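Working notes for the structure below.
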Amino acid sequence: MRIPYEKAIENLDLLANLCLFDPVVIGTPPLGIDVSNSDIDIACYCGDLDRFAGFATRQFESQDGFQIRHGTFQNHESIIVQFNAFEWDVEIFCQPIPTNKQWGVRHFWIERRLLALSPNLKSTVTELKRSGLKTEPAFAKALGLSGEPYQAILGLEQTNDRELLALTATQ
């Protein structure tokens, strides 16, 4: 059995190691909706992705399964660092935009609000995840949102708590 995600983060000293890059722990474990294949996700910011790639390589290349790749997400160049530690897959995602503006962080905040307003939503989303859905599609399905799930969740960002609660009450 793997250790709690917080302990893995602490044992790896991830937040201290990444402190120059405004790290934010996101994803399903902190939401309490993780399933057996959930990973630890950390979003970071760096205006110079080559600098971040060099730092991440020096810091994490000794970890099992280490890999680093470049990609484009939401029209922004990105670096994705992946490795395995303490029976967790760890993914560090870095973009040259502040973490609070990154989609993953914004999705996380919206999902956290939804779960705080409607704790019953947790079991529905977790079951949908166990059936194979990714997090945002699971939330969108549980809430009856139409359209592209990632955009639909972002569309709730400016929705007030009363309207979110009404949305969760219909499910």
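In the structure tokens, the first chain shown is A, the next is B, and so on; residue numbers restart at 1 for each chain, and ligands run from 1 in the order shown.
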
Using only C-alpha atoms, determine which residues lie at most 12 Å from Lys129 in chain A, disregarding the query and same-chain residues fewer than 2 positions distant; provide the list as an MDAnalysis selection string.
chainID A and resid 28 33:38 122:127 131:142

All helix (DSSP H, G or I) positions in range 81-123 of chain A, as a PDB file with N, CA and C atoms, in the first residue's frame:
ATOM      1  N   THR A  99       0.966  30.329 -12.090  1.00  0.00           N
ATOM      2  CA  THR A  99       0.201  29.125 -11.780  1.00  0.00           C
ATOM      3  C   THR A  99      -1.278  29.424 -11.587  1.00  0.00           C
ATOM      4  N   ASN A 100      -1.610  30.569 -11.005  1.00  0.00           N
ATOM      5  CA  ASN A 100      -3.026  30.855 -10.754  1.00  0.00           C
ATOM      6  C   ASN A 100      -3.823  31.109 -12.031  1.00  0.00           C
ATOM      7  N   LYS A 101      -3.147  31.197 -13.170  1.00  0.00           N
ATOM      8  CA  LYS A 101      -3.839  31.368 -14.448  1.00  0.00           C
ATOM      9  C   LYS A 101      -3.838  30.080 -15.282  1.00  0.00           C
ATOM     10  N   TRP A 103      -4.782  26.356 -16.471  1.00  0.00           N
ATOM     11  CA  TRP A 103      -6.053  25.626 -16.471  1.00  0.00           C
ATOM     12  C   TRP A 103      -6.132  24.599 -15.358  1.00  0.00           C
ATOM     13  N   GLY A 104      -5.076  23.829 -15.148  1.00  0.00           N
ATOM     14  CA  GLY A 104      -5.115  22.782 -14.131  1.00  0.00           C
ATOM     15  C   GLY A 104      -5.383  23.330 -12.744  1.00  0.00           C
ATOM     16  N   VAL A 105      -4.783  24.456 -12.422  1.00  0.00           N
ATOM     17  CA  VAL A 105      -4.986  25.085 -11.117  1.00  0.00           C
ATOM     18  C   VAL A 105      -6.400  25.641 -11.029  1.00  0.00           C
ATOM     19  N   ARG A 106      -6.839  26.280 -12.083  1.00  0.00           N
ATOM     20  CA  ARG A 106      -8.192  26.846 -12.099  1.00  0.00           C
ATOM     21  C   ARG A 106      -9.247  25.746 -11.987  1.00  0.00           C
ATOM     22  N   HIS A 107      -9.054  24.642 -12.715  1.00  0.00           N
ATOM     23  CA  HIS A 107      -9.975  23.500 -12.587  1.00  0.00           C
ATOM     24  C   HIS A 107      -9.997  23.007 -11.143  1.00  0.00           C
ATOM     25  N   PHE A 108      -8.809  22.853 -10.560  1.00  0.00           N
ATOM     26  CA  PHE A 108      -8.698  22.362  -9.189  1.00  0.00           C
ATOM     27  C   PHE A 108      -9.498  23.233  -8.227  1.00  0.00           C
ATOM     28  N   TRP A 109      -9.354  24.545  -8.322  1.00  0.00           N
ATOM     29  CA  TRP A 109     -10.073  25.457  -7.413  1.00  0.00           C
ATOM     30  C   TRP A 109     -11.589  25.334  -7.588  1.00  0.00           C
ATOM     31  N   ILE A 110     -12.032  25.224  -8.824  1.00  0.00           N
ATOM     32  CA  ILE A 110     -13.472  25.081  -9.074  1.00  0.00           C
ATOM     33  C   ILE A 110     -13.973  23.762  -8.488  1.00  0.00           C
ATOM     34  N   GLU A 111     -13.244  22.687  -8.739  1.00  0.00           N
ATOM     35  CA  GLU A 111     -13.649  21.372  -8.237  1.00  0.00           C
ATOM     36  C   GLU A 111     -13.638  21.331  -6.709  1.00  0.00           C
ATOM     37  N   ARG A 112     -12.669  21.993  -6.110  1.00  0.00           N
ATOM     38  CA  ARG A 112     -12.612  22.066  -4.643  1.00  0.00           C
ATOM     39  C   ARG A 112     -13.839  22.806  -4.098  1.00  0.00           C
ATOM     40  N   ARG A 113     -14.208  23.889  -4.754  1.00  0.00           N
ATOM     41  CA  ARG A 113     -15.418  24.625  -4.347  1.00  0.00           C
ATOM     42  C   ARG A 113     -16.651  23.746  -4.462  1.00  0.00           C
ATOM     43  N   LEU A 114     -16.773  23.054  -5.581  1.00  0.00           N
ATOM     44  CA  LEU A 114     -17.939  22.198  -5.795  1.00  0.00           C
ATOM     45  C   LEU A 114     -18.045  21.127  -4.710  1.00  0.00           C
ATOM     46  N   LEU A 115     -16.930  20.493  -4.380  1.00  0.00           N
ATOM     47  CA  LEU A 115     -16.938  19.441  -3.365  1.00  0.00           C
ATOM     48  C   LEU A 115     -17.219  19.998  -1.975  1.00  0.00           C
ATOM     49  N   ALA A 116     -16.749  21.204  -1.697  1.00  0.00           N
ATOM     50  CA  ALA A 116     -17.024  21.821  -0.397  1.00  0.00           C
ATOM     51  C   ALA A 116     -18.500  22.165  -0.268  1.00  0.00           C
ATOM     52  N   LEU A 117     -19.110  22.611  -1.360  1.00  0.00           N
ATOM     53  CA  LEU A 117     -20.524  22.972  -1.341  1.00  0.00           C
ATOM     54  C   LEU A 117     -21.433  21.748  -1.324  1.00  0.00           C
ATOM     55  N   LEU A 121     -21.237  14.992  -3.853  1.00  0.00           N
ATOM     56  CA  LEU A 121     -20.698  14.932  -5.208  1.00  0.00           C
ATOM     57  C   LEU A 121     -19.431  14.068  -5.257  1.00  0.00           C
ATOM     58  N   LYS A 122     -18.725  13.989  -4.143  1.00  0.00           N
ATOM     59  CA  LYS A 122     -17.466  13.237  -4.074  1.00  0.00           C
ATOM     60  C   LYS A 122     -17.646  11.782  -4.501  1.00  0.00           C
ATOM     61  N   SER A 123     -18.648  11.107  -3.976  1.00  0.00           N
ATOM     62  CA  SER A 123     -18.823   9.688  -4.306  1.00  0.00           C
ATOM     63  C   SER A 123     -19.207   9.511  -5.774  1.00  0.00           C
TER      64      SER A 123
END

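Residues in contact with Ala166 in chain A at up to 12 Å, not including ones fewer than 3 positions away on its chain and judged by only C-alpha atoms, are Leu114, Leu117, Ser118, Leu143, Thr159, Asn160, Asp161, Arg162, Glu163, Ala169, Thr170 and Gln171 of chain A.
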
Name all residues at most 9 Å from range 19-24 of chain A (count only C-alpha atoms; drop same-chain ones fewer than 4 positions away) and give them as number ranges by chain.
A: 14-15, 41-46, 52, 92, 94, 98-100, 105

Hey, can you spit out that residue selection with all heavy atoms as a tab-separated table (two decimals), in the first residue's frame?
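Result file result07.tsv:
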chain	number	residue	atom	x	y	z
A	14	LEU	N	9.32	18.16	-2.20
A	14	LEU	CA	8.96	18.75	-3.48
A	14	LEU	C	8.65	20.24	-3.41
A	14	LEU	O	9.12	21.01	-4.25
A	14	LEU	CB	7.75	18.02	-4.09
A	14	LEU	CG	8.05	16.67	-4.72
A	14	LEU	CD1	6.75	15.99	-5.15
A	14	LEU	CD2	8.99	16.80	-5.89
A	15	LEU	N	7.87	20.65	-2.45
A	15	LEU	CA	7.48	22.06	-2.41
A	15	LEU	C	8.67	22.97	-2.11
A	15	LEU	O	8.79	24.05	-2.68
A	15	LEU	CB	6.33	22.27	-1.43
A	15	LEU	CG	5.04	21.54	-1.82
A	15	LEU	CD1	3.94	21.80	-0.81
A	15	LEU	CD2	4.59	21.90	-3.22
A	41	ASP	N	0.05	15.60	-8.84
A	41	ASP	CA	0.23	16.65	-9.84
A	41	ASP	C	0.65	17.95	-9.15
A	41	ASP	O	0.01	18.37	-8.17
A	41	ASP	CB	-1.07	16.91	-10.60
A	41	ASP	CG	-1.48	15.73	-11.45
A	41	ASP	OD1	-0.69	15.32	-12.31
A	41	ASP	OD2	-2.61	15.23	-11.26
A	42	ILE	N	1.67	18.58	-9.71
A	42	ILE	CA	2.12	19.86	-9.20
A	42	ILE	C	2.28	20.80	-10.39
A	42	ILE	O	2.98	20.47	-11.36
A	42	ILE	CB	3.45	19.75	-8.42
A	42	ILE	CG1	3.26	18.80	-7.23
A	42	ILE	CG2	3.92	21.12	-7.97
A	42	ILE	CD1	4.50	18.54	-6.44
A	43	ALA	N	1.62	21.94	-10.32
A	43	ALA	CA	1.74	22.96	-11.35
A	43	ALA	C	2.81	23.96	-10.92
A	43	ALA	O	2.89	24.32	-9.75
A	43	ALA	CB	0.40	23.68	-11.55
A	44	CYS	N	3.61	24.40	-11.88
A	44	CYS	CA	4.67	25.37	-11.61
A	44	CYS	C	4.68	26.45	-12.69
A	44	CYS	O	4.15	26.26	-13.79
A	44	CYS	CB	6.04	24.68	-11.60
A	44	CYS	SG	6.31	23.57	-10.23
A	45	TYR	N	5.35	27.55	-12.34
A	45	TYR	CA	5.51	28.67	-13.27
A	45	TYR	C	6.99	28.98	-13.43
A	45	TYR	O	7.74	29.04	-12.45
A	45	TYR	CB	4.80	29.92	-12.73
A	45	TYR	CG	5.33	31.20	-13.32
A	45	TYR	CD1	5.02	31.56	-14.62
A	45	TYR	CD2	6.18	32.03	-12.60
A	45	TYR	CE1	5.53	32.72	-15.19
A	45	TYR	CE2	6.68	33.19	-13.15
A	45	TYR	CZ	6.37	33.53	-14.44
A	45	TYR	OH	6.87	34.67	-15.00
A	46	CYS	N	7.39	29.19	-14.68
A	46	CYS	CA	8.74	29.68	-14.96
A	46	CYS	C	8.70	30.37	-16.32
A	46	CYS	O	8.23	29.78	-17.30
A	46	CYS	CB	9.77	28.56	-14.95
A	46	CYS	SG	11.48	29.17	-15.11
A	52	PHE	N	13.85	25.88	-16.34
A	52	PHE	CA	13.11	24.92	-15.54
A	52	PHE	C	13.49	23.48	-15.90
A	52	PHE	O	13.67	22.64	-15.02
A	52	PHE	CB	11.59	25.11	-15.70
A	52	PHE	CG	10.81	24.16	-14.85
A	52	PHE	CD1	10.61	24.41	-13.51
A	52	PHE	CD2	10.30	22.98	-15.39
A	52	PHE	CE1	9.91	23.51	-12.71
A	52	PHE	CE2	9.60	22.08	-14.60
A	52	PHE	CZ	9.41	22.35	-13.26
A	92	ILE	N	5.03	16.91	-12.74
A	92	ILE	CA	5.24	18.34	-12.51
A	92	ILE	C	5.05	19.02	-13.85
A	92	ILE	O	5.73	18.70	-14.83
A	92	ILE	CB	6.64	18.61	-11.93
A	92	ILE	CG1	6.83	17.82	-10.63
A	92	ILE	CG2	6.83	20.11	-11.70
A	92	ILE	CD1	8.26	17.76	-10.14
A	94	CYS	N	4.88	22.60	-15.93
A	94	CYS	CA	5.35	23.98	-15.85
A	94	CYS	C	5.02	24.73	-17.13
A	94	CYS	O	5.22	24.21	-18.24
A	94	CYS	CB	6.86	24.01	-15.60
A	94	CYS	SG	7.52	25.66	-15.34
A	98	PRO	N	1.70	32.47	-14.88
A	98	PRO	CA	1.55	32.25	-13.44
A	98	PRO	C	0.63	31.06	-13.15
A	98	PRO	O	-0.35	30.83	-13.85
A	98	PRO	CB	0.94	33.56	-12.94
A	98	PRO	CG	1.38	34.59	-13.94
A	98	PRO	CD	1.39	33.85	-15.26
A	99	THR	N	0.97	30.33	-12.09
A	99	THR	CA	0.20	29.12	-11.78
A	99	THR	C	-1.28	29.42	-11.59
A	99	THR	O	-2.12	28.62	-11.99
A	99	THR	CB	0.76	28.40	-10.54
A	99	THR	OG1	0.91	29.31	-9.47
A	99	THR	CG2	2.09	27.74	-10.85
A	100	ASN	N	-1.61	30.57	-11.00
A	100	ASN	CA	-3.03	30.86	-10.75
A	100	ASN	C	-3.82	31.11	-12.03
A	100	ASN	O	-5.04	31.19	-11.99
A	100	ASN	CB	-3.19	32.02	-9.78
A	100	ASN	CG	-2.73	33.34	-10.34
A	100	ASN	OD1	-1.97	33.41	-11.31
A	100	ASN	ND2	-3.16	34.42	-9.72
A	105	VAL	N	-4.78	24.46	-12.42
A	105	VAL	CA	-4.99	25.09	-11.12
A	105	VAL	C	-6.40	25.64	-11.03
A	105	VAL	O	-7.10	25.46	-10.02
A	105	VAL	CB	-3.93	26.18	-10.87
A	105	VAL	CG1	-4.21	26.94	-9.58
A	105	VAL	CG2	-2.52	25.57	-10.83

Residue list (strand (DSSP E), DSSP) for range 24-150 of chain A, as a PDB file with N, CA, C and O atoms, in the first residue's frame:
ATOM      1  N   VAL A  24       2.003  24.570  -7.008  1.00  0.00           N
ATOM      2  CA  VAL A  24       0.668  24.362  -6.461  1.00  0.00           C
ATOM      3  C   VAL A  24       0.332  22.884  -6.639  1.00  0.00           C
ATOM      4  O   VAL A  24       0.365  22.372  -7.760  1.00  0.00           O
ATOM      5  N   VAL A  25       0.046  22.205  -5.536  1.00  0.00           N
ATOM      6  CA  VAL A  25      -0.362  20.805  -5.605  1.00  0.00           C
ATOM      7  C   VAL A  25      -1.820  20.778  -6.041  1.00  0.00           C
ATOM      8  O   VAL A  25      -2.678  21.410  -5.420  1.00  0.00           O
ATOM      9  N   ILE A  26      -2.080  20.064  -7.121  1.00  0.00           N
ATOM     10  CA  ILE A  26      -3.432  19.989  -7.673  1.00  0.00           C
ATOM     11  C   ILE A  26      -3.773  18.513  -7.896  1.00  0.00           C
ATOM     12  O   ILE A  26      -3.027  17.640  -7.495  1.00  0.00           O
ATOM     13  N   ILE A  40       0.304  12.257  -8.381  1.00  0.00           N
ATOM     14  CA  ILE A  40       0.519  13.529  -7.692  1.00  0.00           C
ATOM     15  C   ILE A  40       0.836  14.548  -8.774  1.00  0.00           C
ATOM     16  O   ILE A  40       1.780  14.374  -9.551  1.00  0.00           O
ATOM     17  N   ASP A  41       0.049  15.605  -8.838  1.00  0.00           N
ATOM     18  CA  ASP A  41       0.233  16.654  -9.838  1.00  0.00           C
ATOM     19  C   ASP A  41       0.648  17.946  -9.152  1.00  0.00           C
ATOM     20  O   ASP A  41       0.007  18.367  -8.170  1.00  0.00           O
ATOM     21  N   ILE A  42       1.670  18.578  -9.709  1.00  0.00           N
ATOM     22  CA  ILE A  42       2.121  19.864  -9.201  1.00  0.00           C
ATOM     23  C   ILE A  42       2.278  20.797 -10.389  1.00  0.00           C
ATOM     24  O   ILE A  42       2.977  20.474 -11.360  1.00  0.00           O
ATOM     25  N   ALA A  43       1.622  21.943 -10.318  1.00  0.00           N
ATOM     26  CA  ALA A  43       1.738  22.964 -11.353  1.00  0.00           C
ATOM     27  C   ALA A  43       2.808  23.964 -10.924  1.00  0.00           C
ATOM     28  O   ALA A  43       2.895  24.324  -9.746  1.00  0.00           O
ATOM     29  N   CYS A  44       3.610  24.402 -11.884  1.00  0.00           N
ATOM     30  CA  CYS A  44       4.670  25.369 -11.611  1.00  0.00           C
ATOM     31  C   CYS A  44       4.684  26.452 -12.685  1.00  0.00           C
ATOM     32  O   CYS A  44       4.154  26.262 -13.785  1.00  0.00           O
ATOM     33  N   TYR A  45       5.346  27.550 -12.342  1.00  0.00           N
ATOM     34  CA  TYR A  45       5.507  28.672 -13.266  1.00  0.00           C
ATOM     35  C   TYR A  45       6.989  28.978 -13.433  1.00  0.00           C
ATOM     36  O   TYR A  45       7.738  29.038 -12.454  1.00  0.00           O
ATOM     37  N   ASP A  64      13.148   7.044 -10.224  1.00  0.00           N
ATOM     38  CA  ASP A  64      12.714   5.979 -11.127  1.00  0.00           C
ATOM     39  C   ASP A  64      11.769   6.531 -12.194  1.00  0.00           C
ATOM     40  O   ASP A  64      10.880   7.330 -11.891  1.00  0.00           O
ATOM     41  N   GLY A  65      11.975   6.073 -13.415  1.00  0.00           N
ATOM     42  CA  GLY A  65      11.076   6.436 -14.510  1.00  0.00           C
ATOM     43  C   GLY A  65      11.150   7.891 -14.934  1.00  0.00           C
ATOM     44  O   GLY A  65      10.264   8.367 -15.641  1.00  0.00           O
ATOM     45  N   PHE A  66      12.214   8.596 -14.538  1.00  0.00           N
ATOM     46  CA  PHE A  66      12.309  10.025 -14.872  1.00  0.00           C
ATOM     47  C   PHE A  66      12.224  10.243 -16.374  1.00  0.00           C
ATOM     48  O   PHE A  66      12.881   9.572 -17.160  1.00  0.00           O
ATOM     49  N   GLN A  67      11.373  11.186 -16.733  1.00  0.00           N
ATOM     50  CA  GLN A  67      11.337  11.668 -18.110  1.00  0.00           C
ATOM     51  C   GLN A  67      10.882  13.112 -18.104  1.00  0.00           C
ATOM     52  O   GLN A  67      10.163  13.553 -17.213  1.00  0.00           O
ATOM     53  N   ILE A  68      11.309  13.814 -19.115  1.00  0.00           N
ATOM     54  CA  ILE A  68      10.923  15.212 -19.258  1.00  0.00           C
ATOM     55  C   ILE A  68      10.574  15.429 -20.723  1.00  0.00           C
ATOM     56  O   ILE A  68      11.237  14.896 -21.615  1.00  0.00           O
ATOM     57  N   ARG A  69       9.500  16.143 -20.949  1.00  0.00           N
ATOM     58  CA  ARG A  69       9.104  16.382 -22.331  1.00  0.00           C
ATOM     59  C   ARG A  69       8.511  17.776 -22.469  1.00  0.00           C
ATOM     60  O   ARG A  69       8.043  18.381 -21.504  1.00  0.00           O
ATOM     61  N   HIS A  70       8.561  18.245 -23.673  1.00  0.00           N
ATOM     62  CA  HIS A  70       7.992  19.546 -24.025  1.00  0.00           C
ATOM     63  C   HIS A  70       6.656  19.301 -24.714  1.00  0.00           C
ATOM     64  O   HIS A  70       6.479  18.302 -25.405  1.00  0.00           O
ATOM     65  N   GLY A  71       5.726  20.207 -24.523  1.00  0.00           N
ATOM     66  CA  GLY A  71       4.439  20.105 -25.188  1.00  0.00           C
ATOM     67  C   GLY A  71       3.798  21.480 -25.253  1.00  0.00           C
ATOM     68  O   GLY A  71       4.326  22.455 -24.715  1.00  0.00           O
ATOM     69  N   THR A  72       2.679  21.549 -25.920  1.00  0.00           N
ATOM     70  CA  THR A  72       1.913  22.790 -25.985  1.00  0.00           C
ATOM     71  C   THR A  72       0.517  22.496 -25.452  1.00  0.00           C
ATOM     72  O   THR A  72      -0.151  21.582 -25.928  1.00  0.00           O
ATOM     73  N   PHE A  73       0.117  23.242 -24.431  1.00  0.00           N
ATOM     74  CA  PHE A  73      -1.192  23.083 -23.806  1.00  0.00           C
ATOM     75  C   PHE A  73      -1.824  24.460 -23.664  1.00  0.00           C
ATOM     76  O   PHE A  73      -1.190  25.380 -23.161  1.00  0.00           O
ATOM     77  N   HIS A  76       0.220  27.320 -24.879  1.00  0.00           N
ATOM     78  CA  HIS A  76       1.428  27.715 -24.160  1.00  0.00           C
ATOM     79  C   HIS A  76       2.425  26.563 -24.181  1.00  0.00           C
ATOM     80  O   HIS A  76       2.057  25.413 -23.909  1.00  0.00           O
ATOM     81  N   GLU A  77       3.666  26.899 -24.504  1.00  0.00           N
ATOM     82  CA  GLU A  77       4.723  25.898 -24.392  1.00  0.00           C
ATOM     83  C   GLU A  77       4.755  25.431 -22.946  1.00  0.00           C
ATOM     84  O   GLU A  77       4.534  26.217 -22.023  1.00  0.00           O
ATOM     85  N   SER A  78       5.040  24.166 -22.746  1.00  0.00           N
ATOM     86  CA  SER A  78       4.996  23.583 -21.412  1.00  0.00           C
ATOM     87  C   SER A  78       6.098  22.544 -21.267  1.00  0.00           C
ATOM     88  O   SER A  78       6.558  21.975 -22.251  1.00  0.00           O
ATOM     89  N   ILE A  79       6.464  22.303 -20.030  1.00  0.00           N
ATOM     90  CA  ILE A  79       7.393  21.228 -19.680  1.00  0.00           C
ATOM     91  C   ILE A  79       6.639  20.287 -18.750  1.00  0.00           C
ATOM     92  O   ILE A  79       5.978  20.733 -17.808  1.00  0.00           O
ATOM     93  N   ILE A  80       6.750  18.999 -19.023  1.00  0.00           N
ATOM     94  CA  ILE A  80       6.143  17.991 -18.151  1.00  0.00           C
ATOM     95  C   ILE A  80       7.260  17.083 -17.658  1.00  0.00           C
ATOM     96  O   ILE A  80       7.989  16.494 -18.462  1.00  0.00           O
ATOM     97  N   VAL A  81       7.391  17.007 -16.345  1.00  0.00           N
ATOM     98  CA  VAL A  81       8.380  16.146 -15.708  1.00  0.00           C
ATOM     99  C   VAL A  81       7.610  15.018 -15.039  1.00  0.00           C
ATOM    100  O   VAL A  81       6.646  15.274 -14.314  1.00  0.00           O
ATOM    101  N   GLN A  82       8.049  13.788 -15.287  1.00  0.00           N
ATOM    102  CA  GLN A  82       7.377  12.643 -14.680  1.00  0.00           C
ATOM    103  C   GLN A  82       8.414  11.711 -14.072  1.00  0.00           C
ATOM    104  O   GLN A  82       9.506  11.538 -14.616  1.00  0.00           O
ATOM    105  N   PHE A  83       8.046  11.131 -12.933  1.00  0.00           N
ATOM    106  CA  PHE A  83       8.861  10.104 -12.306  1.00  0.00           C
ATOM    107  C   PHE A  83       8.004   9.345 -11.306  1.00  0.00           C
ATOM    108  O   PHE A  83       6.848   9.706 -11.069  1.00  0.00           O
ATOM    109  N   ASN A  84       8.564   8.290 -10.742  1.00  0.00           N
ATOM    110  CA  ASN A  84       7.859   7.460  -9.766  1.00  0.00           C
ATOM    111  C   ASN A  84       8.615   7.509  -8.444  1.00  0.00           C
ATOM    112  O   ASN A  84       9.838   7.420  -8.432  1.00  0.00           O
ATOM    113  N   ALA A  85       7.881   7.620  -7.364  1.00  0.00           N
ATOM    114  CA  ALA A  85       8.490   7.610  -6.026  1.00  0.00           C
ATOM    115  C   ALA A  85       7.428   7.206  -5.015  1.00  0.00           C
ATOM    116  O   ALA A  85       6.279   7.652  -5.105  1.00  0.00           O
ATOM    117  N   TRP A  88       4.002   6.231  -6.089  1.00  0.00           N
ATOM    118  CA  TRP A  88       3.196   7.263  -6.737  1.00  0.00           C
ATOM    119  C   TRP A  88       3.851   7.643  -8.061  1.00  0.00           C
ATOM    120  O   TRP A  88       5.068   7.730  -8.158  1.00  0.00           O
ATOM    121  N   ASP A  89       3.039   7.906  -9.064  1.00  0.00           N
ATOM    122  CA  ASP A  89       3.511   8.601 -10.250  1.00  0.00           C
ATOM    123  C   ASP A  89       3.429  10.086  -9.906  1.00  0.00           C
ATOM    124  O   ASP A  89       2.411  10.541  -9.361  1.00  0.00           O
ATOM    125  N   VAL A  90       4.478  10.814 -10.195  1.00  0.00           N
ATOM    126  CA  VAL A  90       4.528  12.251  -9.922  1.00  0.00           C
ATOM    127  C   VAL A  90       4.630  12.966 -11.256  1.00  0.00           C
ATOM    128  O   VAL A  90       5.425  12.578 -12.121  1.00  0.00           O
ATOM    129  N   GLU A  91       3.820  14.005 -11.435  1.00  0.00           N
ATOM    130  CA  GLU A  91       3.876  14.807 -12.651  1.00  0.00           C
ATOM    131  C   GLU A  91       3.984  16.272 -12.253  1.00  0.00           C
ATOM    132  O   GLU A  91       3.133  16.782 -11.509  1.00  0.00           O
ATOM    133  N   ILE A  92       5.031  16.906 -12.741  1.00  0.00           N
ATOM    134  CA  ILE A  92       5.235  18.339 -12.507  1.00  0.00           C
ATOM    135  C   ILE A  92       5.051  19.023 -13.847  1.00  0.00           C
ATOM    136  O   ILE A  92       5.725  18.699 -14.828  1.00  0.00           O
ATOM    137  N   PHE A  93       4.130  19.951 -13.873  1.00  0.00           N
ATOM    138  CA  PHE A  93       3.719  20.623 -15.102  1.00  0.00           C
ATOM    139  C   PHE A  93       4.113  22.092 -14.978  1.00  0.00           C
ATOM    140  O   PHE A  93       3.738  22.750 -14.010  1.00  0.00           O
ATOM    141  N   CYS A  94       4.883  22.597 -15.931  1.00  0.00           N
ATOM    142  CA  CYS A  94       5.347  23.984 -15.853  1.00  0.00           C
ATOM    143  C   CYS A  94       5.017  24.727 -17.133  1.00  0.00           C
ATOM    144  O   CYS A  94       5.221  24.207 -18.237  1.00  0.00           O
ATOM    145  N   GLN A  95       4.498  25.937 -16.960  1.00  0.00           N
ATOM    146  CA  GLN A  95       4.211  26.823 -18.084  1.00  0.00           C
ATOM    147  C   GLN A  95       4.773  28.209 -17.787  1.00  0.00           C
ATOM    148  O   GLN A  95       4.969  28.567 -16.619  1.00  0.00           O
TER     149      GLN A  95
END

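Using only C-alpha atoms for every distance, the candidate list A:Pro119, A:Thr57, A:Gln63, A:Asp48 yields A:Gln63 as the residue closest to Glu87 in chain A.
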
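Computed from the coordinates, the CA of Tyr150 in chain A to CA of Glu6 in chain A distance equals 26.1 Å.
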